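S.K.: work30.cif (mmCIF, C-alpha atoms and all ligand atoms) pasted underneath:
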```cif
data_work
loop_
_atom_site.label_atom_id
_atom_site.label_comp_id
_atom_site.auth_asym_id
_atom_site.auth_seq_id
_atom_site.Cartn_x
_atom_site.Cartn_y
_atom_site.Cartn_z
CA MET H 1 15.97 12.59 -11.15
CA LEU H 2 15.30 9.18 -9.75
CA ARG H 3 18.24 6.93 -10.69
CA ASN H 4 16.95 3.79 -12.39
CA LEU H 5 18.23 0.44 -13.66
CA GLU H 6 19.23 2.01 -16.96
CA SER H 7 21.97 3.86 -15.13
CA ALA H 8 23.27 0.74 -13.32
CA PRO H 9 26.87 -0.32 -14.05
CA ASP H 10 27.76 -3.79 -15.39
CA LEU H 11 26.40 -6.11 -12.70
CA ALA H 12 27.63 -9.46 -14.05
CA GLY H 13 28.99 -11.49 -11.15
CA GLN H 14 28.27 -8.66 -8.69
CA VAL H 15 26.37 -9.22 -5.45
CA VAL H 16 23.29 -6.98 -5.58
CA PHE H 17 21.04 -6.29 -2.61
CA LEU H 18 17.44 -6.07 -3.83
CA ARG H 19 15.14 -4.49 -1.25
CA VAL H 20 11.56 -5.53 -1.91
CA ASP H 21 8.23 -5.37 -0.13
CA ALA H 22 7.15 -9.01 0.19
CA ASN H 23 4.89 -8.15 3.11
CA VAL H 24 2.11 -10.46 1.94
CA PRO H 25 -1.01 -11.38 3.92
CA LEU H 26 -0.67 -14.82 5.56
CA ASP H 27 -3.33 -17.10 6.95
CA ASN H 28 -1.74 -19.84 9.09
CA GLY H 29 1.45 -19.74 7.05
CA VAL H 30 -0.41 -19.73 3.71
CA ILE H 31 -0.06 -16.69 1.43
CA THR H 32 -3.56 -15.43 0.63
CA ASP H 33 -2.49 -12.81 -1.94
CA ASP H 34 0.91 -12.95 -3.65
CA GLY H 35 0.48 -9.65 -5.51
CA ARG H 36 3.40 -8.03 -3.72
CA ILE H 37 5.75 -10.87 -4.73
CA ARG H 38 4.64 -10.73 -8.36
CA ALA H 39 5.16 -6.98 -8.28
CA PHE H 40 8.96 -7.22 -7.95
CA LEU H 41 9.52 -10.18 -10.31
CA ALA H 42 10.30 -7.93 -13.29
CA THR H 43 13.18 -6.29 -11.42
CA LEU H 44 14.44 -9.63 -10.13
CA HIS H 45 14.47 -11.08 -13.66
CA TRP H 46 16.21 -8.01 -15.00
CA LEU H 47 19.03 -8.45 -12.48
CA LEU H 48 19.34 -12.21 -13.02
CA GLU H 49 19.51 -11.69 -16.77
CA LYS H 50 22.43 -9.30 -16.28
CA GLY H 51 24.21 -12.05 -14.35
CA ALA H 52 23.94 -10.43 -10.92
CA ARG H 53 24.01 -12.52 -7.75
CA VAL H 54 20.87 -11.35 -5.99
CA VAL H 55 20.36 -11.01 -2.24
CA LEU H 56 16.73 -10.22 -1.44
CA GLY H 57 15.77 -8.26 1.65
CA SER H 58 12.20 -7.73 2.86
CA HIS H 59 10.17 -7.23 6.00
CA LEU H 60 6.98 -9.11 6.88
CA GLY H 61 4.52 -7.88 9.48
CA ARG H 62 5.69 -6.23 12.65
CA PRO H 63 7.94 -8.61 14.62
CA SER H 64 9.61 -7.10 17.65
CA GLY H 65 13.29 -7.24 16.73
CA HIS H 66 13.92 -10.98 17.10
CA PHE H 67 13.10 -14.24 15.31
CA GLU H 68 9.44 -15.26 15.47
CA ASP H 69 8.32 -18.25 13.47
CA LYS H 70 5.05 -16.70 12.34
CA TYR H 71 6.94 -13.82 10.71
CA SER H 72 9.52 -16.00 8.93
CA LEU H 73 9.95 -15.37 5.21
CA ALA H 74 9.95 -19.14 4.57
CA PRO H 75 6.51 -19.11 2.84
CA VAL H 76 7.65 -16.18 0.69
CA ALA H 77 10.88 -17.98 -0.30
CA LYS H 78 8.86 -21.04 -1.28
CA ARG H 79 6.34 -19.06 -3.31
CA LEU H 80 9.15 -17.19 -5.03
CA GLU H 81 10.80 -20.48 -6.05
CA GLU H 82 7.53 -21.52 -7.69
CA LEU H 83 7.09 -18.18 -9.43
CA CYS H 84 10.60 -17.81 -10.81
CA GLY H 85 11.71 -21.42 -11.18
CA ARG H 86 14.98 -20.95 -9.32
CA ALA H 87 16.21 -22.16 -5.97
CA VAL H 88 15.90 -19.59 -3.19
CA VAL H 89 18.32 -19.96 -0.28
CA LEU H 90 16.74 -18.51 2.86
CA ALA H 91 19.40 -17.19 5.23
CA ALA H 92 19.16 -18.13 8.90
CA GLY H 93 19.16 -14.49 9.95
CA VAL H 94 19.57 -10.90 8.88
CA ASN H 95 23.02 -9.57 9.80
CA GLY H 96 26.28 -9.51 7.85
CA GLN H 97 27.33 -12.95 9.08
CA SER H 98 24.01 -14.52 7.98
CA LEU H 99 24.42 -12.88 4.60
CA GLN H 100 27.97 -14.20 4.23
CA ASP H 101 26.93 -17.71 5.26
CA ALA H 102 24.03 -17.78 2.82
CA LEU H 103 26.22 -16.51 -0.02
CA SER H 104 28.74 -19.29 0.58
CA GLU H 105 25.96 -21.90 0.41
CA GLU H 106 24.49 -20.45 -2.75
CA ASP H 107 24.81 -22.63 -5.84
CA SER H 108 25.27 -20.75 -9.04
CA GLY H 109 21.99 -19.29 -10.25
CA ALA H 110 20.32 -19.45 -6.87
CA ILE H 111 18.83 -16.44 -5.15
CA VAL H 112 19.66 -15.61 -1.56
CA MET H 113 16.95 -14.21 0.69
CA LEU H 114 17.70 -12.75 4.08
CA GLU H 115 15.24 -13.53 6.86
CA ASN H 116 12.63 -10.92 7.79
CA LEU H 117 14.74 -7.75 8.10
CA ARG H 118 12.73 -6.67 11.14
CA PHE H 119 14.10 -9.67 13.07
CA ASP H 120 17.11 -7.38 13.57
CA GLU H 121 16.02 -4.41 15.67
CA ARG H 122 18.65 -2.24 13.98
CA GLU H 123 16.64 -2.26 10.72
CA THR H 124 13.94 0.05 12.11
CA SER H 125 15.97 1.69 14.90
CA LYS H 126 15.51 5.40 15.57
CA ASP H 127 19.23 5.48 16.42
CA ASP H 128 21.13 6.43 13.24
CA ALA H 129 24.30 4.67 14.41
CA ALA H 130 22.50 1.36 14.98
CA ARG H 131 20.97 1.41 11.51
CA GLN H 132 24.27 2.39 9.90
CA GLU H 133 26.01 -0.47 11.69
CA LEU H 134 23.63 -3.02 10.17
CA ALA H 135 23.89 -1.39 6.74
CA SER H 136 27.69 -1.49 6.86
CA GLU H 137 27.66 -5.18 7.76
CA TRP H 138 25.71 -5.79 4.54
CA ALA H 139 27.89 -3.38 2.56
CA GLN H 140 30.93 -5.59 3.23
CA HIS H 141 29.41 -8.32 1.05
CA VAL H 142 27.32 -6.35 -1.42
CA SER H 143 28.45 -3.92 -4.13
CA PHE H 144 25.17 -2.47 -5.36
CA VAL H 145 21.64 -1.92 -4.08
CA VAL H 146 18.35 -1.81 -5.97
CA GLU H 147 15.39 -0.39 -4.06
CA ASP H 148 12.13 -1.90 -5.25
CA GLY H 149 10.05 -1.90 -2.06
CA PHE H 150 7.74 1.01 -2.76
CA GLY H 151 5.71 0.23 0.37
CA VAL H 152 8.65 1.29 2.57
CA VAL H 153 10.18 4.29 0.74
CA HIS H 154 8.65 6.61 3.34
CA ARG H 155 10.62 4.88 6.11
CA LYS H 156 14.10 5.82 7.24
CA GLN H 157 15.30 2.25 7.77
CA ALA H 158 18.67 0.50 7.38
CA SER H 159 17.79 -1.31 4.14
CA VAL H 160 15.80 1.60 2.70
CA PHE H 161 17.96 4.60 3.56
CA ASP H 162 21.28 3.69 5.19
CA LEU H 163 22.51 1.00 2.79
CA PRO H 164 21.97 3.23 -0.28
CA SER H 165 23.90 5.97 1.47
CA LEU H 166 26.93 3.63 1.69
CA ILE H 167 26.99 1.97 -1.74
CA PRO H 168 25.74 2.86 -5.24
CA SER H 169 21.99 2.49 -5.62
CA VAL H 170 19.11 2.82 -8.04
CA ALA H 171 15.33 2.39 -8.03
CA GLY H 172 13.92 -0.87 -9.38
CA LEU H 173 11.22 -1.09 -12.04
CA LEU H 174 8.35 -1.19 -9.55
CA VAL H 175 9.47 1.89 -7.62
CA GLU H 176 10.01 3.71 -10.90
CA LYS H 177 6.50 2.81 -12.07
CA GLU H 178 4.88 3.73 -8.74
CA VAL H 179 6.60 7.13 -8.73
CA ASP H 180 5.51 7.70 -12.30
CA VAL H 181 1.90 6.91 -11.41
CA VAL H 182 1.71 9.09 -8.31
CA GLN H 183 3.24 11.93 -10.32
CA ARG H 184 0.44 11.50 -12.86
CA LEU H 185 -1.99 11.96 -9.96
CA THR H 186 -0.39 15.17 -8.77
CA ARG H 187 1.24 16.98 -11.68
CA GLN H 188 -0.18 16.00 -15.04
CA VAL H 189 -3.74 15.15 -14.04
CA GLU H 190 -6.51 14.84 -16.58
CA HIS H 191 -9.90 16.18 -15.47
CA PRO H 192 -12.47 15.42 -14.20
CA TYR H 193 -10.38 13.97 -11.37
CA THR H 194 -12.22 11.93 -8.74
CA VAL H 195 -10.78 10.60 -5.50
CA VAL H 196 -12.68 7.80 -3.78
CA LEU H 197 -11.84 7.49 -0.10
CA GLY H 198 -12.87 4.84 2.35
CA GLY H 199 -11.30 2.53 4.89
CA SER H 200 -11.43 2.65 8.58
CA LYS H 201 -9.80 5.85 9.77
CA VAL H 202 -10.33 9.51 8.90
CA SER H 203 -7.21 10.46 10.80
CA ASP H 204 -5.08 8.32 8.42
CA LYS H 205 -6.36 9.94 5.30
CA LEU H 206 -7.43 13.50 5.85
CA GLY H 207 -3.94 14.83 5.19
CA VAL H 208 -4.03 13.40 1.69
CA ILE H 209 -7.43 14.76 0.82
CA GLU H 210 -6.33 18.18 2.02
CA ALA H 211 -3.19 18.06 -0.10
CA LEU H 212 -5.22 16.90 -3.10
CA LEU H 213 -7.98 19.51 -2.81
CA PRO H 214 -6.41 22.00 -5.23
CA ALA H 215 -6.20 19.30 -7.91
CA VAL H 216 -9.42 17.29 -7.60
CA ASP H 217 -12.96 17.81 -8.82
CA ASN H 218 -14.85 15.21 -6.76
CA VAL H 219 -14.21 13.39 -3.51
CA LEU H 220 -16.46 10.39 -2.88
CA VAL H 221 -16.44 9.25 0.73
CA GLY H 222 -17.43 5.82 2.01
CA GLY H 223 -16.12 3.15 4.39
CA GLY H 224 -15.81 3.53 8.12
CA MET H 225 -14.50 7.08 7.79
CA VAL H 226 -17.75 8.34 6.31
CA PHE H 227 -19.47 8.22 9.69
CA THR H 228 -17.21 10.89 11.11
CA VAL H 229 -18.13 13.00 8.09
CA LEU H 230 -21.85 12.25 8.52
CA ALA H 231 -21.58 13.06 12.23
CA ALA H 232 -19.91 16.38 11.34
CA LEU H 233 -22.86 17.06 9.02
CA GLY H 234 -25.21 16.49 11.95
CA HIS H 235 -26.52 13.01 11.19
CA PRO H 236 -26.93 10.53 14.06
CA VAL H 237 -24.98 7.38 13.09
CA GLY H 238 -25.75 4.86 15.85
CA ARG H 239 -22.76 2.76 16.89
CA SER H 240 -20.93 3.23 13.58
CA LEU H 241 -17.21 3.94 13.64
CA VAL H 242 -16.78 7.61 14.60
CA GLU H 243 -13.61 9.46 15.54
CA LEU H 244 -15.05 12.21 17.72
CA ASP H 245 -11.77 14.11 17.97
CA GLN H 246 -11.67 14.34 14.16
CA ILE H 247 -15.02 16.10 13.80
CA PRO H 248 -13.55 19.63 13.95
CA VAL H 249 -10.89 18.57 11.44
CA VAL H 250 -13.58 17.26 9.12
CA GLU H 251 -15.58 20.46 9.51
CA SER H 252 -12.61 22.59 8.51
CA PHE H 253 -11.93 20.24 5.63
CA LEU H 254 -15.50 20.56 4.36
CA ALA H 255 -15.18 24.35 4.46
CA GLN H 256 -11.87 24.22 2.56
CA ALA H 257 -13.39 21.93 -0.06
CA LYS H 258 -16.24 24.35 -0.56
CA ASP H 259 -13.80 27.25 -1.05
CA ALA H 260 -11.79 25.19 -3.51
CA GLY H 261 -14.91 24.30 -5.49
CA VAL H 262 -14.47 20.58 -4.84
CA ARG H 263 -17.61 18.48 -4.70
CA ILE H 264 -17.68 16.21 -1.63
CA VAL H 265 -20.08 13.34 -2.22
CA VAL H 266 -21.29 11.35 0.77
CA PRO H 267 -23.57 8.31 0.51
CA THR H 268 -27.34 8.84 0.53
CA ASP H 269 -27.97 5.36 1.94
CA ILE H 270 -26.11 3.03 4.29
CA VAL H 271 -26.31 -0.66 5.16
CA MET H 272 -26.98 -0.66 8.91
CA ALA H 273 -26.24 -3.90 10.77
CA ALA H 274 -27.26 -5.08 14.22
CA GLU H 275 -23.64 -5.91 15.10
CA PHE H 276 -20.16 -6.32 13.67
CA HIS H 277 -20.55 -9.84 12.33
CA GLN H 278 -20.66 -11.49 8.90
CA ASP H 279 -24.16 -12.86 9.54
CA ALA H 280 -25.53 -9.79 11.31
CA PRO H 281 -29.11 -8.84 10.33
CA HIS H 282 -29.03 -5.61 8.30
CA VAL H 283 -31.18 -3.06 6.51
CA VAL H 284 -30.58 -0.27 4.04
CA LEU H 285 -31.46 3.13 5.52
CA PRO H 286 -31.30 6.70 4.22
CA VAL H 287 -28.46 8.74 5.79
CA THR H 288 -31.06 11.03 7.32
CA GLY H 289 -32.55 8.13 9.30
CA LEU H 290 -29.71 5.81 10.26
CA GLU H 291 -31.15 5.23 13.74
CA THR H 292 -34.68 4.47 12.49
CA GLY H 293 -34.08 0.77 11.72
CA PRO H 294 -34.85 -2.29 13.88
CA SER H 295 -31.61 -1.76 15.86
CA GLY H 296 -32.38 1.90 16.49
CA ALA H 297 -29.41 3.80 17.85
CA SER H 298 -27.43 0.60 18.40
CA GLY H 299 -27.13 -0.19 14.68
CA MET H 300 -23.79 0.19 12.95
CA GLY H 301 -23.07 1.13 9.34
CA LEU H 302 -20.99 -1.53 7.62
CA ASP H 303 -21.37 -0.59 3.95
CA ILE H 304 -22.66 2.12 1.65
CA GLY H 305 -26.12 1.40 0.24
CA PRO H 306 -27.02 0.41 -3.35
CA GLU H 307 -28.26 3.87 -4.34
CA SER H 308 -24.96 5.41 -3.24
CA SER H 309 -23.00 2.69 -5.04
CA GLN H 310 -24.82 3.52 -8.24
CA GLU H 311 -24.17 7.23 -7.86
CA PHE H 312 -20.47 6.64 -7.06
CA ALA H 313 -20.17 4.40 -10.13
CA ARG H 314 -21.79 7.06 -12.31
CA ILE H 315 -19.35 9.75 -11.18
CA ILE H 316 -16.39 7.37 -11.60
CA HIS H 317 -17.48 6.62 -15.18
CA GLU H 318 -17.60 10.33 -15.97
CA SER H 319 -14.05 10.89 -14.70
CA ALA H 320 -10.81 10.94 -16.66
CA THR H 321 -8.69 10.18 -13.59
CA VAL H 322 -9.71 8.17 -10.54
CA PHE H 323 -7.69 7.45 -7.42
CA TRP H 324 -9.26 5.00 -5.00
CA ASN H 325 -8.01 4.39 -1.49
CA GLY H 326 -9.93 2.45 1.13
CA PRO H 327 -12.82 -0.03 0.91
CA MET H 328 -16.40 1.29 1.00
CA GLY H 329 -17.45 -1.19 3.68
CA VAL H 330 -16.39 -4.23 5.65
CA PHE H 331 -15.73 -6.11 2.40
CA GLU H 332 -14.18 -9.03 4.31
CA PHE H 333 -17.80 -9.99 5.14
CA ASP H 334 -19.62 -10.92 1.95
CA ALA H 335 -22.88 -9.29 3.08
CA PHE H 336 -21.10 -5.93 3.40
CA SER H 337 -18.93 -6.06 0.28
CA GLN H 338 -21.46 -4.68 -2.21
CA GLY H 339 -20.24 -1.06 -2.11
CA THR H 340 -16.58 -2.03 -2.47
CA ARG H 341 -17.45 -4.37 -5.36
CA ALA H 342 -19.43 -1.61 -7.09
CA VAL H 343 -16.52 0.83 -6.85
CA ALA H 344 -14.01 -1.82 -7.98
CA ASP H 345 -16.27 -2.62 -10.90
CA ALA H 346 -16.68 1.03 -11.87
CA LEU H 347 -12.90 1.52 -11.89
CA ALA H 348 -12.35 -1.70 -13.84
CA THR H 349 -14.82 -0.65 -16.55
CA SER H 350 -13.79 3.00 -16.63
CA GLN H 351 -12.18 4.48 -19.75
CA GLY H 352 -10.10 6.83 -17.61
CA PHE H 353 -6.78 6.42 -15.82
CA THR H 354 -7.57 4.49 -12.62
CA VAL H 355 -5.32 3.86 -9.65
CA VAL H 356 -6.04 1.63 -6.68
CA GLY H 357 -3.93 2.49 -3.64
CA GLY H 358 -3.88 0.94 -0.19
CA GLY H 359 -3.16 -2.59 0.95
CA ASP H 360 -6.75 -3.57 1.75
CA SER H 361 -8.22 -1.98 -1.36
CA ALA H 362 -5.67 -3.77 -3.56
CA ALA H 363 -6.32 -7.06 -1.78
CA ALA H 364 -10.07 -6.48 -2.25
CA VAL H 365 -9.89 -6.10 -6.03
CA ARG H 366 -7.68 -9.17 -6.32
CA THR H 367 -9.92 -11.32 -4.10
CA PHE H 368 -12.94 -10.19 -6.13
CA GLY H 369 -11.10 -11.75 -9.07
CA TYR H 370 -10.37 -8.68 -11.19
CA ASP H 371 -7.47 -8.89 -13.56
CA GLU H 372 -4.77 -6.37 -12.65
CA SER H 373 -4.80 -5.14 -16.24
CA SER H 374 -8.35 -3.82 -15.78
CA PHE H 375 -6.85 -0.99 -13.73
CA GLY H 376 -4.37 1.68 -14.74
CA HIS H 377 -2.29 0.72 -11.74
CA ILE H 378 -2.64 -1.14 -8.46
CA SER H 379 -0.24 0.43 -6.04
CA THR H 380 1.69 -1.73 -3.59
CA GLY H 381 2.33 1.09 -1.18
CA GLY H 382 -0.53 2.38 0.94
CA GLY H 383 1.25 4.72 3.35
CA ALA H 384 3.99 5.53 0.87
CA SER H 385 1.57 6.61 -1.89
CA LEU H 386 -0.40 8.70 0.57
CA GLU H 387 2.69 10.45 1.91
CA PHE H 388 3.89 11.04 -1.64
CA LEU H 389 0.52 12.57 -2.56
CA GLU H 390 0.69 14.73 0.55
CA GLY H 391 3.96 16.13 -0.80
CA LYS H 392 6.14 14.81 2.01
CA VAL H 393 9.84 14.08 1.60
CA LEU H 394 10.33 10.32 1.31
CA PRO H 395 13.81 9.32 2.56
CA GLY H 396 13.92 6.13 0.49
CA LEU H 397 13.36 8.08 -2.74
CA GLU H 398 15.48 11.10 -1.91
CA ILE H 399 18.50 8.84 -1.39
CA LEU H 400 17.94 7.55 -4.96
CA GLY H 401 18.21 11.05 -6.37
CA TRP H 402 14.53 11.93 -6.45
CA LYS H 403 13.43 15.50 -5.80
CA PRO H 404 9.85 16.75 -5.40
P1 LIG T 1 -6.41 0.52 2.75
O1 LIG T 1 -5.50 -0.55 3.32
O2 LIG T 1 -6.94 0.15 1.39
O3 LIG T 1 -5.77 1.88 2.78
P2 LIG T 1 -7.73 0.89 5.28
O4 LIG T 1 -6.65 0.11 5.94
O5 LIG T 1 -7.82 2.33 5.53
O6 LIG T 1 -7.70 0.62 3.69
O7 LIG T 1 -9.14 0.30 5.70
C1 LIG T 1 -9.52 -1.03 5.45
C2 LIG T 1 -10.45 -1.53 6.50
O8 LIG T 1 -11.55 -0.66 6.69
C3 LIG T 1 -11.01 -2.87 6.11
O9 LIG T 1 -10.51 -3.86 6.99
C4 LIG T 1 -12.53 -2.70 6.28
O10 LIG T 1 -13.16 -3.78 6.91
C5 LIG T 1 -12.62 -1.46 7.15
N1 LIG T 1 -13.92 -0.80 6.99
C6 LIG T 1 -14.48 -0.35 5.85
N2 LIG T 1 -15.69 0.14 6.09
C7 LIG T 1 -15.94 -0.01 7.40
C8 LIG T 1 -17.05 0.30 8.26
N3 LIG T 1 -18.16 0.85 7.76
N4 LIG T 1 -16.94 0.02 9.56
C9 LIG T 1 -15.81 -0.54 10.05
N5 LIG T 1 -14.74 -0.85 9.31
C10 LIG T 1 -14.80 -0.59 7.99
MG MG T 2 -5.04 -1.12 5.35
#
```
For the structure just supplied, provide its representation as structure tokens.
M.R.:
Amino acid sequence: MLRNLESAPDLAGQVVFLRVDANVPLDNGVITDDGRIRAFLATLHWLLEKGARVVLGSHLGRPSGHFEDKYSLAPVAKRLEELCGRAVVLAAGVNGQSLQDALSEEDSGAIVMLENLRFDERETSKDDAARQELASEWAQHVSFVVEDGFGVVHRKQASVFDLPSLIPSVAGLLVEKEVDVVQRLTRQVEHPYTVVLGGSKVSDKLGVIEALLPAVDNVLVGGGMVFTVLAALGHPVGRSLVELDQIPVVESFLAQAKDAGVRIVVPTDIVMAAEFHQDAPHVVLPVTGLETGPSGASGMGLDIGPESSQEFARIIHESATVFWNGPMGVFEFDAFSQGTRAVADALATSQGFTVVGGGDSAAAVRTFGYDESSFGHISTGGGASLEFLEGKVLPGLEILGWKP
């Protein structure tokens, strides 16, 4: 059983370390999507209401073990102040001393936030002793830890795994909800169950589809990864994204799907562009003739075509459960966002239980302006949800009492 906030002791006046995933997308220091901050607010409020003194810990991007201005959590601290109406004291650093200093500066009712945890190389170290050293520096000042960063539960890191092995810990509301949702996708699924897969890399995602095969009815494939599948099916795909080394893997996957009675649906038409550019000239071509357009064999597929979008939407509407991971095209370019919009729209208007997983897919539905409540759940953890669905052991959940 995953320990949750209900089982927390009296936290009034206690210093509580709240590990979150505030790894938001930034454009020149401006947060372009604050979904991940909003996602942990419920847990933060819960703790503040109980009178806890909260120390927030999060990573942001991939800094290389030392302070780098562009990875500072300063924009996150500022946004959090606006969202929760309390002062947020951003610590100068990450280690025990920084934590102690920030706590001594904290006025009553303020929230302390450590700097980007990955500014300290011990956070992500492969050396157990180094991680434990950082965790024990924190443990000297903190009496309880709440893990609410679902996006990192698959990582064995100081704040995710080592700190909870030193002091009492529970899962926060977001982690509890995410676990509940992924369980609904694996154990108590309602059929028909459709998985929509896209995004850039087959190699990232094939493990999940394989693990899901026994449970699903339909797999709809789009995005950059579809070209490896089309290539495996013998279609020339021009200069589209293809992972040649994955073709045998895809072939064996297609055979497995057939044995398992799972329908694999690939697009019947593709938007082929002259180059990878937002203004690139483009045409819609049937999958059997992707090299027959004006660019010939130098064209590249950047989106699924309208006929495919319609068919995908139809299957989604007939499904009781839908899990979507990975955009259908290069949705960052408006001209190639049609397929991703169509899938987002089909999920949003579906009567079934719909889950959006994956950082880019989640960002896509929010930038398209959909209300989060139109979906059953928008997951904050791309890699973590996928590894959970694959049935892997997640160190950050196991340490909280969870068992597969
Ligand atoms: P998620 O974060 O939702 O799991 P991924 O990270 O796997 O999704 O993939 C997202 C990226 O895939 C997006 O940046 C998108 O532009 C890219 N992509 C989608 N379709 C294509 C395509 N046809 N060619 C190249 N890149 C693509
Ligand atoms: Mg991504």
S.K.: Quick one: contact table of chain H to ligand MG 2 (chain T), 7 Å max, nearest atom pair and distance in Å to one decimal per residue, counting all atoms listed in the file, chain and number order, as a Markdown table?
M.R.:
```
| residue | atom | partner | partner_atom | distance |
| --- | --- | --- | --- | --- |
| H:Gly358 | CA | T:MG2 | MG | 6.0 |
| H:Gly359 | CA | T:MG2 | MG | 5.0 |
| H:Asp360 | CA | T:MG2 | MG | 4.7 |
```
S.K.: For a quick check of understanding, using all atoms listed in the file, which of H:Pro306, H:Gly224, H:Gly51, H:Pro236 has the smallest distance to ligand LIG 1 (chain T)?
M.R.: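 Nearest to ligand LIG 1 (chain T): H:Gly224.
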S.K.: Against stretch 151-155 of chain H, which residues of stretch 51-143 of chain H fall within 12 Å? For each one I want the closest pair of atoms and the distance in Å (one decimal), counting only C-alpha atoms, rows by chain and increasing residue number, as a Markdown table.
M.R.:
```
| residue | atom | partner | partner_atom | distance |
| --- | --- | --- | --- | --- |
| H:Gly57 | CA | H:Val152 | CA | 11.9 |
| H:Ser58 | CA | H:Val152 | CA | 9.7 |
| H:His59 | CA | H:Val152 | CA | 9.3 |
| H:Leu60 | CA | H:Val152 | CA | 11.4 |
| H:Glu123 | CA | H:Arg155 | CA | 10.4 |
| H:Thr124 | CA | H:Arg155 | CA | 8.4 |
| H:Ser125 | CA | H:Arg155 | CA | 10.8 |
| H:Lys126 | CA | H:Arg155 | CA | 10.7 |
```
S.K.: Enumerate as a PyMOL selection string the residues within 9 Å of ligand LIG 1 (chain T), counting all atoms listed in the file.
M.R.: chain H and resi 197-202+204-205+222-227+240-241+270-271+276+300-304+324-333+336+340+356-364+382-383+386
S.K.: Tell me which of H:Arg38, H:Lys50, H:Glu82, H:Ser72 sits closest to H:Leu26, counting all atoms listed in the file.
M.R.: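 Ranked by minimum distance to H:Leu26, first place goes to H:Ser72.
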S.K.: Which polymer residues have any atom within 9 Å of an atom of stretch 286-288 of chain H, counting only C-alpha atoms, with same-chain residues fewer than 6 positions away left out, as a list in words?
M.R.: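 The residues satisfying every condition are Leu230, His235, Pro236, Val237, Pro267, Thr268, Asp269, Ile270, Val271 and Gly305 of chain H.
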S.K.: Rounded to one decimal in Å, what is the spacing between atom CA of H:Val216 and atom CA of H:Pro395?
M.R.: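 The value is 26.6 Å.
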S.K.: Do you know which residues are at most 12 Å from H:Ile209 counting all atoms listed in the file, after dropping those on the same chain fewer than 6 positions away, and could you put them as an MDAnalysis selection string?
M.R.: chainID H and resid 186 194:198 202:203 215:221 249:250 253:254 256:257 262 264 323:325 386:387 389:391
S.K.: Please save C-alpha atoms of the selected residues as a short mmCIF file (atom, residue, chain, number, x, y, z; two decimals), in the frame of the given file.
M.R.:
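Final output, saved to part-v9.cif:
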```
data_model
loop_
_atom_site.label_atom_id
_atom_site.label_comp_id
_atom_site.auth_asym_id
_atom_site.auth_seq_id
_atom_site.Cartn_x
_atom_site.Cartn_y
_atom_site.Cartn_z
CA THR H 186 -0.39 15.17 -8.77
CA THR H 194 -12.22 11.93 -8.74
CA VAL H 195 -10.78 10.60 -5.50
CA VAL H 196 -12.68 7.80 -3.78
CA LEU H 197 -11.84 7.49 -0.10
CA GLY H 198 -12.87 4.84 2.35
CA VAL H 202 -10.33 9.51 8.90
CA SER H 203 -7.21 10.46 10.80
CA ALA H 215 -6.20 19.30 -7.91
CA VAL H 216 -9.42 17.29 -7.60
CA ASP H 217 -12.96 17.81 -8.82
CA ASN H 218 -14.85 15.21 -6.76
CA VAL H 219 -14.21 13.39 -3.51
CA LEU H 220 -16.46 10.39 -2.88
CA VAL H 221 -16.44 9.25 0.73
CA VAL H 249 -10.89 18.57 11.44
CA VAL H 250 -13.58 17.26 9.12
CA PHE H 253 -11.93 20.24 5.63
CA LEU H 254 -15.50 20.56 4.36
CA GLN H 256 -11.87 24.22 2.56
CA ALA H 257 -13.39 21.93 -0.06
CA VAL H 262 -14.47 20.58 -4.84
CA ILE H 264 -17.68 16.21 -1.63
CA PHE H 323 -7.69 7.45 -7.42
CA TRP H 324 -9.26 5.00 -5.00
CA ASN H 325 -8.01 4.39 -1.49
CA LEU H 386 -0.40 8.70 0.57
CA GLU H 387 2.69 10.45 1.91
CA LEU H 389 0.52 12.57 -2.56
CA GLU H 390 0.69 14.73 0.55
CA GLY H 391 3.96 16.13 -0.80
#
```
